[in-house]
Structure formats: C-alpha cells, structure tokens
Amino acid sequence: MANVQFDLVSPERRLASVAASEVRIPATEGDMTAMANHLPTITTLRPGVLVVVHDGGADEYVVSGGFAEISAETVSVLAEQALPKGEVTQAIYDQMVADAEAALKTAQADAASDDGKAVDAAKALSDTVAIGAAIGLTTRL
C-alpha cells in the first residue's frame, strides 16, 4: 500500500512526521480519511481525535481546530492545539471543555450581530465534549 508523508504541527511543537497509510481527520464538514493519491483538498478541523495509521501501528492526537492540506503525496495538519492522546489528562480535558463553554457564552452575547458564530461555538462545544467519550475521560456536562 502506498504511503503519504504526514506532518502535524501545533503552535507549541511538531508532533508528528511519518509515512502514513491513512490519516483519519475530524473535518468540519465530517470525518474524512486521506490516503495516497487523494485529490488536493484543504479543510478546516473541528475538535476531535485525529488518527494516523503507519507501519508501526496507529497514533491518536486530540486536536481543537486548525486546518489540513491534503495532496496525493502529503497530509499536513496545522492545529490550533494538539496533544497526543496519552498526554490528555482529565484536567487538560476539563480546561478544553471550559474554554469551549466560554467561547459559546461570548458568541451568544454577540449573537445579535452574527448568529452563525453562536451556532459554530455550540457545535465546537458538542465536539469537544465528544472527545471525552472517545478517549475515555468524563465530562461534567
């Protein structure tokens, strides 16, 4: 099976650079899988778990947003915030949920000028809460 070069970068650090057989991406429009010979695509990320499958197994990363650029040979992800799944503690997850709740409250307060922001913030909160179930952590909502 052909591979793609996968790179994952957050503002804090480079998290991955590996030849991957597939990359499962939590895209805003829905989950997608990028593989070799994928059509060129740029997509935004929603909060979720990004999975990279390679010869050594599979690695999972929790991402809060950002974007992915996909080509026939490469998948590059620039995440707003990203951590390997194993580094996400209950405290970090709780802070992610609290940040998403605060963003929703701010968007709701500004809803008179742009109701779309409140809808997007509500979706982001829902996706952030879903991360907990996906990685085995509990939510207080």
# chains A, B, ... in the order shown; residues from 1 in each chain; ligands from 1
>>> select_by_dssp(residues="range 19-134 of chain A", states="strand (DSSP E)", output="MDAnalysis selection string")
chainID A and resid 19:27 30:34 41:45 48:54 57:63 66:70 74:79 82:84
>>> residues_around(residues="His54 in chain A", least_positions_apart="2", cutoff="12 Å", atoms="only C-alpha atoms", output="JSON list (two decimals) with C-alpha atoms, in the first residue's frame")
[["chain", "number", "residue", "atom", "x", "y", "z"],
["A", 1, "MET", "CA", 0.00, 0.00, 0.00],
["A", 2, "ALA", "CA", 1.29, 3.46, -0.89],
["A", 3, "ASN", "CA", 2.01, 5.98, 1.84],
["A", 4, "VAL", "CA", 1.67, 9.73, 2.25],
["A", 5, "GLN", "CA", 4.02, 11.96, 4.19],
["A", 6, "PHE", "CA", 2.09, 13.09, 7.27],
["A", 16, "ALA", "CA", 4.48, 14.00, 14.07],
["A", 17, "SER", "CA", 6.31, 13.49, 10.81],
["A", 18, "VAL", "CA", 5.78, 9.96, 9.49],
["A", 19, "ALA", "CA", 4.96, 7.95, 6.37],
["A", 20, "ALA", "CA", 1.30, 7.02, 6.84],
["A", 21, "SER", "CA", -1.01, 4.64, 5.02],
["A", 22, "GLU", "CA", -4.06, 6.64, 6.14],
["A", 23, "VAL", "CA", -4.96, 9.71, 8.16],
["A", 24, "ARG", "CA", -8.44, 10.00, 9.69],
["A", 35, "MET", "CA", -4.69, 8.20, 1.70],
["A", 51, "VAL", "CA", -5.74, 9.10, 13.80],
["A", 52, "VAL", "CA", -2.57, 8.34, 11.85],
["A", 56, "GLY", "CA", 4.29, 0.91, 13.47],
["A", 57, "GLY", "CA", 0.57, 0.95, 14.29],
["A", 58, "ALA", "CA", -1.71, 3.91, 14.84],
["A", 59, "ASP", "CA", -1.21, 7.17, 16.71],
["A", 60, "GLU", "CA", -4.05, 9.31, 18.04]]
>>> closest_residue(among="A:Ala79, A:Val49, A:Ala34, A:Ala103", to="Ala130 in chain A", atoms="only C-alpha atoms")
A:Val49
>>> residues_around(residues="Ala124 in chain A", least_positions_apart="3", cutoff="10 Å", atoms="only C-alpha atoms", output="ChimeraX atom specification")
/A:28,46-48,64-65,97,100-101,103-104,118-121,127-130
>>> select_by_dssp(residues="range 6-116 of chain A", states="alpha helix (DSSP H)", output="MDAnalysis selection string")
chainID A and resid 90:109 115:116
>>> closest_residue(among="A:Thr41, A:Ser126, A:Gln95, A:Ser10", to="Ile70 in chain A", atoms="only C-alpha atoms")
A:Thr41
>>> residues_around(residues="Thr44 in chain A", least_positions_apart="5", cutoff="10 Å", atoms="only C-alpha atoms", output="ChimeraX atom specification")
/A:25-29,65-69,77-79
>>> closest_residue(among="A:Pro84, A:Leu45, A:Thr74, A:Thr106", to="Asp31 in chain A", atoms="only C-alpha atoms")
A:Leu45
>>> residues_around(residues="Ala91 in chain A", least_positions_apart="5", cutoff="12 Å", atoms="only C-alpha atoms", output="PyMOL selection string")
chain A and resi 96-98+132+137-140
>>> write_last_selection(atoms="C-alpha atoms", output="compact mmCIF listing (two decimals), in the first residue's frame")
# COMPACT_ATOMS: atom_id res chain seq x y z
CA MET A 96 -10.76 22.33 26.92
CA VAL A 97 -14.46 21.99 27.77
CA ALA A 98 -14.38 25.14 29.92
CA GLY A 132 -14.02 12.78 26.33
CA LEU A 137 -12.46 10.73 30.05
CA THR A 138 -15.57 12.04 31.78
CA THR A 139 -17.34 15.32 31.23
CA ARG A 140 -19.15 17.37 33.82
>>> closest_residue(among="A:Thr43, A:Gln108, A:Leu15, A:His38", to="Val62 in chain A", atoms="only C-alpha atoms")
A:Leu15
>>> atom_distance(atom1="CA of Lys85 in chain A", atom2="CA of Ala36 in chain A")
24.6 Å
>>> atom_distance(atom1="CA of Ala134 in chain A", atom2="CA of Asp94 in chain A")
14.3 Å
>>> atom_distance(atom1="CA of Gly30 in chain A", atom2="CA of Ile135 in chain A")
18.8 Å
>>> closest_residue(among="A:Tyr93, A:Gly136, A:Leu83, A:Lys123", to="Ala107 in chain A", atoms="only C-alpha atoms")
A:Lys123
>>> decode(residues="range 68-82 of chain A", atoms="N, CA, C and O atoms", output="PDB file, in the first residue's frame")
ATOM      1  N   ALA A  68      -6.244  21.227   7.541  1.00  0.00           N
ATOM      2  CA  ALA A  68      -5.444  20.177   6.922  1.00  0.00           C
ATOM      3  C   ALA A  68      -5.339  20.470   5.431  1.00  0.00           C
ATOM      4  O   ALA A  68      -6.325  20.844   4.790  1.00  0.00           O
ATOM      5  N   GLU A  69      -4.136  20.295   4.915  1.00  0.00           N
ATOM      6  CA  GLU A  69      -3.896  20.407   3.489  1.00  0.00           C
ATOM      7  C   GLU A  69      -3.501  19.018   2.998  1.00  0.00           C
ATOM      8  O   GLU A  69      -2.545  18.423   3.490  1.00  0.00           O
ATOM      9  N   ILE A  70      -4.261  18.500   2.046  1.00  0.00           N
ATOM     10  CA  ILE A  70      -4.083  17.135   1.559  1.00  0.00           C
ATOM     11  C   ILE A  70      -3.727  17.183   0.077  1.00  0.00           C
ATOM     12  O   ILE A  70      -4.349  17.925  -0.690  1.00  0.00           O
ATOM     13  N   SER A  71      -2.734  16.374  -0.292  1.00  0.00           N
ATOM     14  CA  SER A  71      -2.407  16.198  -1.707  1.00  0.00           C
ATOM     15  C   SER A  71      -2.217  14.707  -1.961  1.00  0.00           C
ATOM     16  O   SER A  71      -2.376  13.891  -1.050  1.00  0.00           O
ATOM     17  N   ALA A  72      -1.838  14.352  -3.157  1.00  0.00           N
ATOM     18  CA  ALA A  72      -1.645  12.941  -3.497  1.00  0.00           C
ATOM     19  C   ALA A  72      -0.508  12.316  -2.698  1.00  0.00           C
ATOM     20  O   ALA A  72      -0.524  11.127  -2.422  1.00  0.00           O
ATOM     21  N   GLU A  73       0.477  13.132  -2.284  1.00  0.00           N
ATOM     22  CA  GLU A  73       1.655  12.608  -1.585  1.00  0.00           C
ATOM     23  C   GLU A  73       1.792  13.046  -0.136  1.00  0.00           C
ATOM     24  O   GLU A  73       2.618  12.502   0.599  1.00  0.00           O
ATOM     25  N   THR A  74       1.037  14.050   0.288  1.00  0.00           N
ATOM     26  CA  THR A  74       1.236  14.599   1.637  1.00  0.00           C
ATOM     27  C   THR A  74      -0.082  14.929   2.327  1.00  0.00           C
ATOM     28  O   THR A  74      -1.088  15.216   1.680  1.00  0.00           O
ATOM     29  N   VAL A  75      -0.034  14.891   3.656  1.00  0.00           N
ATOM     30  CA  VAL A  75      -1.113  15.395   4.503  1.00  0.00           C
ATOM     31  C   VAL A  75      -0.437  16.252   5.567  1.00  0.00           C
ATOM     32  O   VAL A  75       0.350  15.747   6.366  1.00  0.00           O
ATOM     33  N   SER A  76      -0.715  17.550   5.543  1.00  0.00           N
ATOM     34  CA  SER A  76      -0.141  18.474   6.518  1.00  0.00           C
ATOM     35  C   SER A  76      -1.264  19.045   7.363  1.00  0.00           C
ATOM     36  O   SER A  76      -2.229  19.588   6.823  1.00  0.00           O
ATOM     37  N   VAL A  77      -1.128  18.915   8.675  1.00  0.00           N
ATOM     38  CA  VAL A  77      -2.140  19.435   9.591  1.00  0.00           C
ATOM     39  C   VAL A  77      -1.505  20.502  10.463  1.00  0.00           C
ATOM     40  O   VAL A  77      -0.490  20.256  11.118  1.00  0.00           O
ATOM     41  N   LEU A  78      -2.097  21.682  10.451  1.00  0.00           N
ATOM     42  CA  LEU A  78      -1.707  22.762  11.336  1.00  0.00           C
ATOM     43  C   LEU A  78      -2.844  22.934  12.321  1.00  0.00           C
ATOM     44  O   LEU A  78      -3.934  23.381  11.953  1.00  0.00           O
ATOM     45  N   ALA A  79      -2.600  22.526  13.556  1.00  0.00           N
ATOM     46  CA  ALA A  79      -3.653  22.515  14.577  1.00  0.00           C
ATOM     47  C   ALA A  79      -3.544  23.730  15.481  1.00  0.00           C
ATOM     48  O   ALA A  79      -2.436  24.176  15.811  1.00  0.00           O
ATOM     49  N   GLU A  80      -4.698  24.252  15.887  1.00  0.00           N
ATOM     50  CA  GLU A  80      -4.714  25.327  16.873  1.00  0.00           C
ATOM     51  C   GLU A  80      -4.108  24.833  18.179  1.00  0.00           C
ATOM     52  O   GLU A  80      -3.327  25.516  18.827  1.00  0.00           O
ATOM     53  N   GLN A  81      -4.509  23.651  18.571  1.00  0.00           N
ATOM     54  CA  GLN A  81      -3.977  22.972  19.751  1.00  0.00           C
ATOM     55  C   GLN A  81      -4.032  21.484  19.452  1.00  0.00           C
ATOM     56  O   GLN A  81      -5.020  20.990  18.916  1.00  0.00           O
ATOM     57  N   ALA A  82      -2.947  20.774  19.766  1.00  0.00           N
ATOM     58  CA  ALA A  82      -2.912  19.333  19.536  1.00  0.00           C
ATOM     59  C   ALA A  82      -2.035  18.677  20.589  1.00  0.00           C
ATOM     60  O   ALA A  82      -1.003  19.225  20.979  1.00  0.00           O
TER      61      ALA A  82
END
